[in-house]
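The structure file upload28.csv is reproduced below (CSV, C-alpha atoms).
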chain,number,residue,atom,x,y,z
A,1,MET,CA,22.7,-5.5,-17.8
A,2,ASP,CA,23.3,-9.2,-17.6
A,3,SER,CA,20.3,-11.5,-16.8
A,4,THR,CA,22.1,-13.0,-13.7
A,5,ARG,CA,22.2,-9.6,-12.0
A,6,ARG,CA,18.6,-8.8,-13.1
A,7,LYS,CA,17.4,-12.1,-11.6
A,8,ALA,CA,19.4,-11.5,-8.4
A,9,ILE,CA,17.8,-8.1,-7.9
A,10,HIS,CA,14.3,-9.5,-8.6
A,11,ASP,CA,14.9,-12.4,-6.2
A,12,ALA,CA,16.2,-10.1,-3.4
A,13,MET,CA,13.1,-7.9,-3.9
A,14,VAL,CA,10.7,-10.9,-3.8
A,15,ARG,CA,12.4,-12.2,-0.6
A,16,LEU,CA,12.3,-8.8,1.0
A,17,SER,CA,8.6,-8.3,0.1
A,18,ASP,CA,8.0,-11.6,1.8
A,19,GLY,CA,9.7,-10.3,4.9
A,20,ASP,CA,13.1,-12.0,4.6
A,21,ARG,CA,15.5,-9.4,5.9
A,22,THR,CA,18.6,-11.5,5.1
A,23,ALA,CA,18.2,-10.6,1.5
A,24,PHE,CA,19.0,-6.9,2.2
A,25,PRO,CA,22.8,-7.1,1.7
A,26,MET,CA,22.2,-8.8,-1.6
A,27,LEU,CA,19.9,-6.0,-2.7
A,28,VAL,CA,22.5,-3.4,-1.7
A,29,ASP,CA,25.3,-5.2,-3.6
A,30,GLU,CA,23.3,-5.8,-6.8
A,31,LEU,CA,21.0,-2.8,-7.0
A,32,TRP,CA,23.1,0.1,-5.8
A,33,PRO,CA,25.7,0.1,-8.7
A,34,VAL,CA,22.8,-0.2,-11.3
A,35,LEU,CA,20.9,2.7,-9.7
A,36,LEU,CA,24.1,4.9,-9.5
A,37,SER,CA,24.9,4.4,-13.2
A,38,PHE,CA,21.3,5.0,-14.1
A,39,ALA,CA,21.3,8.3,-12.1
A,40,ARG,CA,24.6,9.3,-13.7
A,41,ARG,CA,23.2,8.9,-17.1
A,42,GLY,CA,20.0,10.7,-16.2
A,43,VAL,CA,21.5,13.7,-14.3
A,44,GLY,CA,25.1,14.1,-15.6
A,45,ASP,CA,26.5,15.7,-12.5
A,46,GLU,CA,28.3,13.2,-10.3
A,47,THR,CA,27.4,14.6,-6.9
A,48,ASP,CA,23.7,15.1,-7.8
A,49,ALA,CA,23.7,11.6,-9.3
A,50,GLU,CA,24.8,10.1,-6.0
A,51,ASP,CA,22.3,12.0,-4.0
A,52,ILE,CA,19.5,11.0,-6.3
A,53,ALA,CA,20.6,7.4,-6.5
A,54,GLN,CA,20.5,7.3,-2.7
A,55,GLU,CA,17.1,9.0,-2.5
A,56,VAL,CA,15.8,6.5,-5.1
A,57,PHE,CA,17.3,3.6,-3.2
A,58,TYR,CA,15.6,4.6,0.1
A,59,ARG,CA,12.3,5.1,-1.8
A,60,ILE,CA,12.6,1.6,-3.3
A,61,CYS,CA,13.4,0.1,0.1
A,62,SER,CA,10.3,1.7,1.6
A,63,ARG,CA,8.1,0.5,-1.2
A,64,ILE,CA,9.4,-3.1,-1.4
A,65,PRO,CA,6.7,-4.4,1.0
A,66,ASP,CA,4.1,-3.4,-1.6
A,67,PHE,CA,6.2,-5.0,-4.5
A,68,ASP,CA,4.2,-7.3,-6.7
A,69,PRO,CA,6.4,-10.4,-7.3
A,70,SER,CA,4.8,-11.0,-10.7
A,71,ARG,CA,6.5,-7.8,-12.0
A,72,ASP,CA,10.1,-7.5,-12.9
A,73,GLY,CA,12.0,-6.1,-10.0
A,74,LEU,CA,14.5,-4.1,-12.0
A,75,SER,CA,11.9,-2.5,-14.3
A,76,TRP,CA,9.9,-1.5,-11.2
A,77,ALA,CA,13.0,0.0,-9.6
A,78,PHE,CA,13.8,1.9,-12.8
A,79,GLY,CA,10.2,3.3,-12.9
A,80,ILE,CA,10.8,4.8,-9.4
A,81,ALA,CA,14.2,6.1,-10.4
A,82,ARG,CA,12.9,7.7,-13.6
A,83,TYR,CA,10.3,9.5,-11.7
A,84,GLU,CA,12.8,10.8,-9.2
A,85,ILE,CA,15.2,12.0,-11.9
A,86,MET,CA,12.4,13.8,-13.7
A,87,THR,CA,11.4,15.5,-10.4
A,88,HIS,CA,15.0,16.5,-9.9
A,89,ARG,CA,15.3,18.0,-13.4
A,90,ARG,CA,12.0,19.9,-13.0
A,91,ARG,CA,13.2,21.3,-9.7
A,92,ARG,CA,16.5,22.3,-11.2
A,93,GLN,CA,14.7,23.9,-14.2
A,94,ARG,CA,12.5,25.9,-11.9
A,95,ARG,CA,15.5,27.1,-9.9
A,96,ARG,CA,17.1,28.1,-13.2
A,97,GLU,CA,14.0,30.0,-14.2
A,98,VAL,CA,13.9,31.9,-11.0
A,99,HIS,CA,17.6,32.7,-11.4
A,100,ASP,CA,17.1,33.8,-15.0
A,101,GLU,CA,14.4,36.2,-13.9
A,102,THR,CA,16.7,37.9,-11.4
A,103,LEU,CA,19.4,38.4,-14.1
A,104,LEU,CA,20.0,42.0,-15.1
A,105,PRO,CA,18.5,43.1,-18.5
A,106,GLY,CA,20.9,42.9,-21.3
A,107,ALA,CA,22.9,40.1,-19.6
A,108,GLU,CA,24.2,37.6,-22.1
A,109,HIS,CA,22.3,34.3,-22.3
A,110,PRO,CA,24.6,31.4,-23.0
A,111,ALA,CA,23.6,28.8,-25.6
A,112,PRO,CA,21.5,26.0,-24.1
A,113,SER,CA,23.4,23.0,-22.9
A,114,GLN,CA,22.9,19.5,-24.2
A,115,GLU,CA,21.0,18.7,-21.1
A,116,GLU,CA,18.7,21.7,-21.5
A,117,LEU,CA,18.0,20.8,-25.0
A,118,MET,CA,17.2,17.2,-24.0
A,119,LEU,CA,14.8,18.5,-21.3
A,120,GLU,CA,13.1,20.8,-23.7
A,121,ARG,CA,12.6,18.0,-26.2
A,122,GLU,CA,11.2,15.8,-23.4
A,123,LEU,CA,8.8,18.6,-22.3
A,124,ALA,CA,7.7,19.2,-25.9
A,125,GLY,CA,7.0,15.5,-26.2
A,126,MET,CA,5.0,15.5,-23.0
A,127,LEU,CA,3.0,18.5,-24.1
A,128,GLU,CA,2.3,17.0,-27.5
A,129,SER,CA,1.0,13.8,-26.0
A,130,THR,CA,-1.2,15.7,-23.6
A,131,LEU,CA,-2.6,17.9,-26.4
A,132,GLY,CA,-3.2,14.7,-28.4
A,133,ALA,CA,-5.4,13.4,-25.6
A,134,LEU,CA,-7.7,16.4,-25.8
A,135,THR,CA,-10.9,16.2,-27.9
A,136,GLU,CA,-11.0,17.9,-31.3
A,137,ASP,CA,-13.4,20.6,-30.0
A,138,ASP,CA,-11.0,21.5,-27.2
A,139,ARG,CA,-8.1,21.7,-29.6
A,140,ARG,CA,-10.1,23.9,-31.9
A,141,SER,CA,-11.1,26.1,-28.9
A,142,LEU,CA,-7.4,26.5,-28.1
A,143,GLY,CA,-6.7,27.5,-31.7
A,144,LEU,CA,-4.5,24.5,-32.4
A,145,ILE,CA,-6.6,23.3,-35.4
A,146,GLY,CA,-8.9,25.0,-37.8
A,147,PRO,CA,-10.6,28.4,-37.2
A,148,VAL,CA,-11.3,29.5,-33.6
A,149,VAL,CA,-14.3,31.6,-34.7
A,150,VAL,CA,-17.5,29.7,-35.1
A,151,ASP,CA,-20.5,31.4,-36.7
A,152,GLY,CA,-23.3,32.4,-34.4
A,153,LEU,CA,-21.2,32.2,-31.2
A,154,GLY,CA,-20.4,35.3,-29.2
A,155,GLY,CA,-17.0,36.3,-27.8
A,156,ALA,CA,-18.0,35.4,-24.3
A,157,THR,CA,-19.0,31.9,-25.3
A,158,LEU,CA,-15.7,31.4,-27.1
A,159,ARG,CA,-13.7,32.7,-24.1
A,160,LYS,CA,-15.6,30.3,-21.8
A,161,ARG,CA,-14.9,27.4,-24.2
A,162,LYS,CA,-11.3,28.3,-24.3
A,163,GLN,CA,-11.1,28.5,-20.5
A,164,ARG,CA,-12.8,25.1,-20.2
A,165,ALA,CA,-10.4,23.6,-22.7
A,166,LEU,CA,-7.4,25.0,-20.8
A,167,ASP,CA,-8.8,23.5,-17.5
A,168,ARG,CA,-9.1,20.1,-19.1
A,169,LEU,CA,-5.6,20.4,-20.5
A,170,ARG,CA,-4.3,21.2,-17.0
A,171,ASP,CA,-6.2,18.3,-15.5
A,172,LEU,CA,-4.9,15.9,-18.1
A,173,TRP,CA,-1.3,17.2,-17.5
A,174,ARG,CA,-1.8,16.6,-13.8
A,175,SER,CA,-3.1,13.1,-14.3
A,176,LEU,CA,-0.3,12.2,-16.6
A,177,TYR,CA,2.7,13.9,-15.0
A,178,GLY,CA,1.6,15.2,-11.6
A,179,GLU,CA,1.6,18.8,-10.4
A,180,PRO,CA,3.7,21.1,-12.6
B,1,MET,CA,31.2,9.0,-2.2
B,2,VAL,CA,28.3,7.2,-0.5
B,3,ASN,CA,29.2,5.2,2.6
B,4,ARG,CA,28.0,1.6,2.0
B,5,GLU,CA,27.3,1.0,5.7
B,6,GLN,CA,25.3,4.2,6.0
B,7,LEU,CA,23.4,3.3,2.8
B,8,THR,CA,22.6,-0.2,4.2
B,9,ALA,CA,21.4,1.2,7.5
B,10,GLY,CA,19.3,4.0,5.9
B,11,GLY,CA,17.8,1.5,3.4
B,12,LEU,CA,17.0,-1.0,6.1
B,13,ARG,CA,15.3,1.8,8.1
B,14,ALA,CA,13.3,2.9,5.1
B,15,TYR,CA,12.3,-0.8,4.5
B,16,GLU,CA,11.2,-1.3,8.1
B,17,PHE,CA,9.2,1.9,7.9
B,18,GLY,CA,7.6,0.7,4.7
B,19,ARG,CA,6.7,-2.6,6.3
B,20,LEU,CA,5.1,-0.8,9.2
B,21,ARG,CA,3.1,1.4,6.9
B,22,MET,CA,1.9,-1.7,5.0
B,23,ALA,CA,1.1,-3.5,8.3
B,24,SER,CA,-0.9,-0.5,9.6
B,25,ARG,CA,-3.3,-0.7,6.7
B,26,VAL,CA,-5.1,-3.3,8.7
B,27,ALA,CA,-6.6,-0.3,10.4
B,28,LEU,CA,-8.8,0.2,7.4
B,29,VAL,CA,-10.7,-2.9,8.5
B,30,LEU,CA,-10.3,-2.7,12.3
B,31,VAL,CA,-11.1,1.0,12.9
B,32,PRO,CA,-14.7,0.7,11.4
B,33,ALA,CA,-15.2,-2.6,13.3
B,34,THR,CA,-14.1,-0.9,16.5
B,35,ALA,CA,-16.2,2.2,15.8
B,36,VAL,CA,-19.3,0.0,15.4
B,37,CYS,CA,-18.5,-1.7,18.6
B,38,LEU,CA,-18.0,1.6,20.4
B,39,PHE,CA,-21.5,2.9,19.3
B,40,GLU,CA,-23.1,0.1,21.4
B,41,SER,CA,-24.1,1.2,24.9
B,42,ARG,CA,-22.7,-1.8,26.8
B,43,GLY,CA,-19.1,-3.0,27.2
B,44,ARG,CA,-17.4,-0.1,25.6
B,45,GLU,CA,-14.3,-0.3,27.9
B,46,THR,CA,-13.8,-4.0,27.2
B,47,CYS,CA,-14.3,-3.3,23.5
B,48,ILE,CA,-11.5,-0.6,23.5
B,49,CYS,CA,-9.2,-3.0,25.4
B,50,LEU,CA,-9.8,-5.9,23.0
B,51,ALA,CA,-9.5,-3.5,20.0
B,52,PHE,CA,-6.1,-2.3,21.2
B,53,VAL,CA,-4.8,-5.9,21.7
B,54,LEU,CA,-6.1,-7.0,18.3
B,55,PHE,CA,-4.7,-3.9,16.6
B,56,GLY,CA,-1.3,-4.4,18.2
B,57,LEU,CA,-1.1,-8.1,17.5
B,58,ALA,CA,-2.3,-7.7,13.9
B,59,ILE,CA,0.2,-4.9,13.1
B,60,TRP,CA,3.1,-6.8,14.7
B,61,LEU,CA,2.3,-10.1,12.8
B,62,ARG,CA,1.7,-8.3,9.5
B,63,TRP,CA,5.0,-6.4,9.9
B,64,ARG,CA,7.0,-9.6,10.5
B,65,ASN,CA,6.5,-11.4,7.1
B,66,ARG,CA,4.1,-12.5,4.5
B,67,ARG,CA,3.2,-15.8,6.2
B,68,TRP,CA,2.0,-14.0,9.3
B,69,LEU,CA,0.3,-11.4,7.2
B,70,GLU,CA,-1.8,-14.3,5.7
B,71,VAL,CA,-2.4,-15.7,9.1
B,72,VAL,CA,-3.9,-12.3,10.2
B,73,THR,CA,-6.0,-12.1,7.1
B,74,THR,CA,-7.4,-15.6,7.8
B,75,GLY,CA,-8.1,-14.8,11.4
B,76,LEU,CA,-9.9,-11.6,10.6
B,77,GLN,CA,-11.9,-13.3,7.9
B,78,ALA,CA,-12.9,-16.0,10.3
B,79,GLY,CA,-13.6,-13.6,13.1
B,80,SER,CA,-15.9,-11.3,11.0
B,81,LEU,CA,-18.8,-13.8,11.0
B,82,PRO,CA,-19.1,-14.1,14.8
B,83,LEU,CA,-18.4,-10.3,15.0
B,84,MET,CA,-21.4,-9.6,12.8
B,85,VAL,CA,-23.6,-12.2,14.4
B,86,GLY,CA,-22.7,-10.8,17.9
B,87,LEU,CA,-23.6,-7.3,16.8
B,88,VAL,CA,-26.9,-8.4,15.5
B,89,LEU,CA,-27.7,-10.4,18.6
B,90,GLY,CA,-26.6,-7.5,20.8
B,91,ARG,CA,-29.0,-5.2,18.8
B,92,LEU,CA,-31.8,-7.7,19.6
B,93,ASP,CA,-30.8,-7.5,23.2
B,94,VAL,CA,-30.0,-11.2,23.4
B,95,GLN,CA,-27.7,-12.1,26.4
B,96,CYS,CA,-26.3,-15.5,27.1
B,97,ASP,CA,-26.0,-14.8,30.8
B,98,VAL,CA,-29.8,-14.3,31.2
B,99,ALA,CA,-31.8,-17.4,32.1
B,100,GLY,CA,-34.2,-18.5,29.4
B,101,ALA,CA,-32.1,-17.5,26.5
B,102,ALA,CA,-28.9,-19.1,27.7
B,103,SER,CA,-29.1,-22.5,26.1
B,104,PHE,CA,-30.2,-21.0,22.7
B,105,CYS,CA,-27.5,-18.3,22.9
B,106,VAL,CA,-24.7,-20.6,23.9
B,107,ALA,CA,-25.6,-23.2,21.2
B,108,PHE,CA,-25.8,-20.5,18.5
B,109,ALA,CA,-22.5,-18.9,19.7
B,110,VAL,CA,-20.7,-22.3,19.6
B,111,LEU,CA,-22.1,-23.0,16.1
B,112,VAL,CA,-21.0,-19.6,14.7
B,113,GLY,CA,-17.6,-20.0,16.4
B,114,SER,CA,-17.2,-23.5,14.9
B,115,VAL,CA,-17.9,-22.2,11.4
B,116,ALA,CA,-15.2,-19.5,12.0
B,117,GLY,CA,-12.8,-22.2,13.2
B,118,MET,CA,-13.4,-24.4,10.3
B,119,TRP,CA,-12.8,-21.5,7.9
B,120,ILE,CA,-9.4,-21.1,9.6
B,121,GLY,CA,-8.8,-24.8,8.9
B,122,VAL,CA,-9.8,-24.5,5.2
B,123,ARG,CA,-7.5,-21.4,4.7
B,124,GLU,CA,-4.5,-22.7,6.6
B,125,ARG,CA,-4.7,-26.1,4.8
B,126,LYS,CA,-4.5,-24.2,1.5
B,127,TRP,CA,-1.4,-22.3,2.7
B,128,ARG,CA,0.0,-25.5,4.4
B,129,GLY,CA,0.1,-23.6,7.6
B,130,ARG,CA,1.9,-24.8,10.7
B,131,LEU,CA,0.3,-25.5,14.1
B,132,SER,CA,1.5,-22.0,15.3
B,133,SER,CA,-0.3,-20.4,12.3
B,134,TRP,CA,-3.5,-22.2,13.1
B,135,LEU,CA,-3.4,-21.2,16.7
B,136,THR,CA,-2.5,-17.6,16.0
B,137,ALA,CA,-5.3,-17.3,13.4
B,138,GLY,CA,-7.6,-18.7,16.0
B,139,ALA,CA,-6.5,-16.1,18.5
B,140,ILE,CA,-7.0,-13.3,16.0
B,141,ALA,CA,-10.4,-14.6,15.1
B,142,ALA,CA,-11.4,-14.9,18.8
B,143,LEU,CA,-10.3,-11.3,19.4
B,144,ALA,CA,-12.2,-10.0,16.3
B,145,ALA,CA,-15.2,-12.0,17.4
B,146,SER,CA,-15.0,-10.6,20.9
B,147,LEU,CA,-15.5,-7.0,19.5
B,148,GLY,CA,-19.0,-8.1,18.4
B,149,CYS,CA,-19.8,-10.7,21.1
B,150,VAL,CA,-18.8,-8.6,24.2
B,151,ARG,CA,-22.4,-7.6,24.7
B,152,LEU,CA,-23.5,-11.3,24.8
B,153,GLY,CA,-21.9,-11.6,28.2
B,154,ALA,CA,-19.0,-13.7,29.5
B,155,LEU,CA,-20.8,-16.9,28.7
B,156,GLY,CA,-21.6,-15.9,25.1
B,157,LEU,CA,-18.0,-14.8,24.6
B,158,ALA,CA,-16.6,-18.0,26.0
B,159,SER,CA,-19.0,-20.0,23.8
B,160,VAL,CA,-17.8,-18.3,20.6
B,161,VAL,CA,-14.1,-18.8,21.6
B,162,ALA,CA,-14.9,-22.5,22.4
B,163,GLY,CA,-16.7,-22.8,19.1
B,164,ILE,CA,-13.6,-21.5,17.3
B,165,ALA,CA,-11.4,-23.9,19.1
B,166,VAL,CA,-13.8,-26.8,18.3
B,167,GLY,CA,-13.8,-25.8,14.6
B,168,ILE,CA,-10.0,-25.7,14.4
B,169,ALA,CA,-9.7,-29.0,16.2
B,170,VAL,CA,-12.2,-30.7,13.8
B,171,MET,CA,-10.3,-29.4,10.8
B,172,ALA,CA,-6.9,-30.3,12.3
B,173,LEU,CA,-8.0,-33.8,13.2
B,174,ASP,CA,-9.7,-34.4,9.9
B,175,GLY,CA,-6.9,-35.7,7.6
B,176,SER,CA,-4.3,-33.2,6.5
B,177,GLY,CA,-4.0,-31.0,9.6
B,178,PRO,CA,-1.3,-28.5,10.4
B,179,SER,CA,2.2,-29.2,9.3
B,180,ALA,CA,4.5,-30.7,12.1
B,181,ARG,CA,7.1,-28.0,11.6
B,182,ARG,CA,7.0,-25.4,14.3

Could you quickly redo this structure as structure tokens?
Amino acid sequence: MDSTRRKAIHDAMVRLSDGDRTAFPMLVDELWPVLLSFARRGVGDETDAEDIAQEVFYRICSRIPDFDPSRDGLSWAFGIARYEIMTHRRRRQRRREVHDETLLPGAEHPAPSQEELMLERELAGMLESTLGALTEDDRRSLGLIGPVVVDGLGGATLRKRKQRALDRLRDLWRSLYGEP
Amino acid sequence: MVNREQLTAGGLRAYEFGRLRMASRVALVLVPATAVCLFESRGRETCICLAFVLFGLAIWLRWRNRRWLEVVTTGLQAGSLPLMVGLVLGRLDVQCDVAGAASFCVAFAVLVGSVAGMWIGVRERKWRGRLSSWLTAGAIAALAASLGCVRLGALGLASVVAGIAVGIAVMALDGSGPSARR
């Protein structure tokens, strides 16, 4: 990405956030190819990439009036694009899970694709960072560190603690990554 | 393959919708002010009419561009003082049309309006506003002030508006007034 294009995108966004509609063709010319190639890298499939890039472009356009000119326009746009691509992947993953459940028992499962492996790694990273944000007591209650059993505490108390730790984990996940 | 014209049209539509959404956020300020005005027993119909005009004007100006957005902000800030004062005086049952209280009420309304007008001058000077910006901010301030001053009677309302005009004129004539560009 050359700095001239980056600056042109930023300038167009600043002008549009100020209400200067004449900057719109410039935004289309400069931003669209960048978004398309970003979506291609993120999704892989050409048709899906175009759809997502278009969706992201419209989303960016609708949010430009709130754009803060002190931020870098392209990084801001990539933030929106990244979120959309993640949402698309999650949606696809969910569809795949539903499809897998409907498969006949004994059907052969193909080896995971490169993209699936990448998604798995990403999810594992997200889970790790969420678990890292939990308190030590919560992690212990979930059996992630040390012994779960604590002397003098009954089974009901431990179950309650585990439930609370799970609730906190869910809340954290929601606050970091949105609804699962 | 995405059609470039279709993309531009869709993007522009989304952009305009976004601007409208951003412009409509002025409702967060105007709706409570209008609600307070509507709780008063007198002048409800006038209040609704004024609120509609103010709401429409504010949204349209904020939708246009950032300069007009700032003008609306200035006008609403300036108009908030007479609005509050009008509501308080209305609570105390002060009316400018009633003999006895008229001179005090008119003088007070002109004074409060002048402060609002001078505030417009201060803000617009900072933004190097044009004459049209000063006048539009004055109109917004007058409309906002009317929401509170409608119970003071026609004379009270006219006094506040006159005060705003005087305040703007004082600031405009005092040195660096509005830019000559239109």

Restricting the calculation to only C-alpha atoms: of B:Cys49, B:Ala158, B:Ala137, B:Met22, which residue gets closest to Glu70 in chain B?
B:Ala137

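Minimum atom-to-atom distance to Leu76 in chain B, evaluated using all atoms listed in the file, belongs to B:Ala142 out of B:Leu155, B:Ala51, B:Ala35, B:Ala142.
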
Need the neighbours of (-10.5, -0.8, 19.3): which residues are at most 7 Å away, counting all atoms listed in the file, as a list in words?
Val31, Thr34, Cys47, Ile48, Cys49, Leu50, Ala51 and Phe52 of chain B

Written file, previous selection with C-alpha atoms, as a PDB file, in the frame of the given file:
ATOM      1  CA  VAL B  31     -11.100   1.000  12.900  1.00  0.00           C
ATOM      2  CA  THR B  34     -14.100  -0.900  16.500  1.00  0.00           C
ATOM      3  CA  CYS B  47     -14.300  -3.300  23.500  1.00  0.00           C
ATOM      4  CA  ILE B  48     -11.500  -0.600  23.500  1.00  0.00           C
ATOM      5  CA  CYS B  49      -9.200  -3.000  25.400  1.00  0.00           C
ATOM      6  CA  LEU B  50      -9.800  -5.900  23.000  1.00  0.00           C
ATOM      7  CA  ALA B  51      -9.500  -3.500  20.000  1.00  0.00           C
ATOM      8  CA  PHE B  52      -6.100  -2.300  21.200  1.00  0.00           C
TER       9      PHE B  52
END

At a cut-off of 9 Å, which residues of chain A touch chain B? Count all atoms listed in the file and give the answer as a PyMOL selection string.
chain A and resi 16-21+24-25+28+47+50-51+54+57-66

Computed interatomic separation between CA of Glu116 in chain A and CA of Tyr83 in chain A (Å):
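Distance between the two atoms: 17.8 Å.
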
If I put a ball of radius 6 Å at (-23.0, -13.4, 30.7) in the file's coordinates, which residues poke into it when counting all atoms listed in the file, written as a VMD selection string?
chain B and resid 96 to 97 153 to 155

Have a look at B:Ala162, B:Glu40, B:Arg130, B:Arg25 and name the one nearest to Thr73 in chain B; count only C-alpha atoms.
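Once distances to Thr73 in chain B are computed over only C-alpha atoms, the minimum belongs to B:Arg25.
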
Hey, what's within 12 Å of Ala78 in chain B if we count all atoms listed in the file and toss same-chain stuff fewer than 3 positions away? As a ChimeraX atom specification, please?
/B:71-75,81-84,112-124,134,136-145,160-161,163-165,167-168

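From CA of Leu119 in chain A back to CA of Glu84 in chain A, the distance works out to 14.5 Å.
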
One-decimal distance in Å that lies between CA of Gly148 in chain B and CA of Ser103 in chain B:
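For CA of Ser103 in chain B relative to CA of Gly148 in chain B, the distance reads 19.2 Å.
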
Quick one: range 99-118 of chain B with N, CA and C atoms, as a PDB file, keeping the file's coordinate frame?
ATOM      1  N   ALA B  99     -31.113 -16.090  32.146  1.00  0.00           N
ATOM      2  CA  ALA B  99     -31.800 -17.400  32.100  1.00  0.00           C
ATOM      3  C   ALA B  99     -32.923 -17.365  31.106  1.00  0.00           C
ATOM      4  N   GLY B 100     -33.143 -18.482  30.475  1.00  0.00           N
ATOM      5  CA  GLY B 100     -34.200 -18.500  29.400  1.00  0.00           C
ATOM      6  C   GLY B 100     -33.590 -18.567  28.062  1.00  0.00           C
ATOM      7  N   ALA B 101     -32.714 -17.549  27.783  1.00  0.00           N
ATOM      8  CA  ALA B 101     -32.100 -17.500  26.500  1.00  0.00           C
ATOM      9  C   ALA B 101     -30.747 -18.161  26.431  1.00  0.00           C
ATOM     10  N   ALA B 102     -30.280 -18.581  27.614  1.00  0.00           N
ATOM     11  CA  ALA B 102     -28.900 -19.100  27.700  1.00  0.00           C
ATOM     12  C   ALA B 102     -28.606 -20.260  26.801  1.00  0.00           C
ATOM     13  N   SER B 103     -29.460 -21.280  26.839  1.00  0.00           N
ATOM     14  CA  SER B 103     -29.100 -22.500  26.100  1.00  0.00           C
ATOM     15  C   SER B 103     -29.112 -22.173  24.553  1.00  0.00           C
ATOM     16  N   PHE B 104     -30.113 -21.413  24.101  1.00  0.00           N
ATOM     17  CA  PHE B 104     -30.200 -21.000  22.700  1.00  0.00           C
ATOM     18  C   PHE B 104     -28.939 -20.217  22.306  1.00  0.00           C
ATOM     19  N   CYS B 105     -28.648 -19.229  23.127  1.00  0.00           N
ATOM     20  CA  CYS B 105     -27.500 -18.300  22.900  1.00  0.00           C
ATOM     21  C   CYS B 105     -26.203 -19.035  22.820  1.00  0.00           C
ATOM     22  N   VAL B 106     -26.000 -19.903  23.823  1.00  0.00           N
ATOM     23  CA  VAL B 106     -24.700 -20.600  23.900  1.00  0.00           C
ATOM     24  C   VAL B 106     -24.578 -21.554  22.672  1.00  0.00           C
ATOM     25  N   ALA B 107     -25.649 -22.278  22.340  1.00  0.00           N
ATOM     26  CA  ALA B 107     -25.600 -23.200  21.200  1.00  0.00           C
ATOM     27  C   ALA B 107     -25.292 -22.419  19.919  1.00  0.00           C
ATOM     28  N   PHE B 108     -25.961 -21.306  19.757  1.00  0.00           N
ATOM     29  CA  PHE B 108     -25.800 -20.500  18.500  1.00  0.00           C
ATOM     30  C   PHE B 108     -24.348 -19.943  18.478  1.00  0.00           C
ATOM     31  N   ALA B 109     -23.856 -19.465  19.619  1.00  0.00           N
ATOM     32  CA  ALA B 109     -22.500 -18.900  19.700  1.00  0.00           C
ATOM     33  C   ALA B 109     -21.457 -19.984  19.346  1.00  0.00           C
ATOM     34  N   VAL B 110     -21.665 -21.186  19.888  1.00  0.00           N
ATOM     35  CA  VAL B 110     -20.700 -22.300  19.600  1.00  0.00           C
ATOM     36  C   VAL B 110     -20.760 -22.631  18.121  1.00  0.00           C
ATOM     37  N   LEU B 111     -21.960 -22.655  17.570  1.00  0.00           N
ATOM     38  CA  LEU B 111     -22.100 -23.000  16.100  1.00  0.00           C
ATOM     39  C   LEU B 111     -21.384 -21.966  15.262  1.00  0.00           C
ATOM     40  N   VAL B 112     -21.635 -20.696  15.527  1.00  0.00           N
ATOM     41  CA  VAL B 112     -21.000 -19.600  14.700  1.00  0.00           C
ATOM     42  C   VAL B 112     -19.477 -19.688  14.893  1.00  0.00           C
ATOM     43  N   GLY B 113     -19.042 -19.887  16.127  1.00  0.00           N
ATOM     44  CA  GLY B 113     -17.600 -20.000  16.400  1.00  0.00           C
ATOM     45  C   GLY B 113     -17.000 -21.189  15.647  1.00  0.00           C
ATOM     46  N   SER B 114     -17.726 -22.299  15.596  1.00  0.00           N
ATOM     47  CA  SER B 114     -17.200 -23.500  14.900  1.00  0.00           C
ATOM     48  C   SER B 114     -17.026 -23.215  13.413  1.00  0.00           C
ATOM     49  N   VAL B 115     -18.001 -22.510  12.842  1.00  0.00           N
ATOM     50  CA  VAL B 115     -17.900 -22.200  11.400  1.00  0.00           C
ATOM     51  C   VAL B 115     -16.621 -21.341  11.189  1.00  0.00           C
ATOM     52  N   ALA B 116     -16.396 -20.373  12.087  1.00  0.00           N
ATOM     53  CA  ALA B 116     -15.200 -19.500  12.000  1.00  0.00           C
ATOM     54  C   ALA B 116     -13.930 -20.402  12.107  1.00  0.00           C
ATOM     55  N   GLY B 117     -13.924 -21.317  13.053  1.00  0.00           N
ATOM     56  CA  GLY B 117     -12.800 -22.200  13.200  1.00  0.00           C
ATOM     57  C   GLY B 117     -12.517 -23.083  12.031  1.00  0.00           C
ATOM     58  N   MET B 118     -13.605 -23.564  11.433  1.00  0.00           N
ATOM     59  CA  MET B 118     -13.400 -24.400  10.300  1.00  0.00           C
ATOM     60  C   MET B 118     -12.912 -23.611   9.069  1.00  0.00           C
TER      61      MET B 118
END
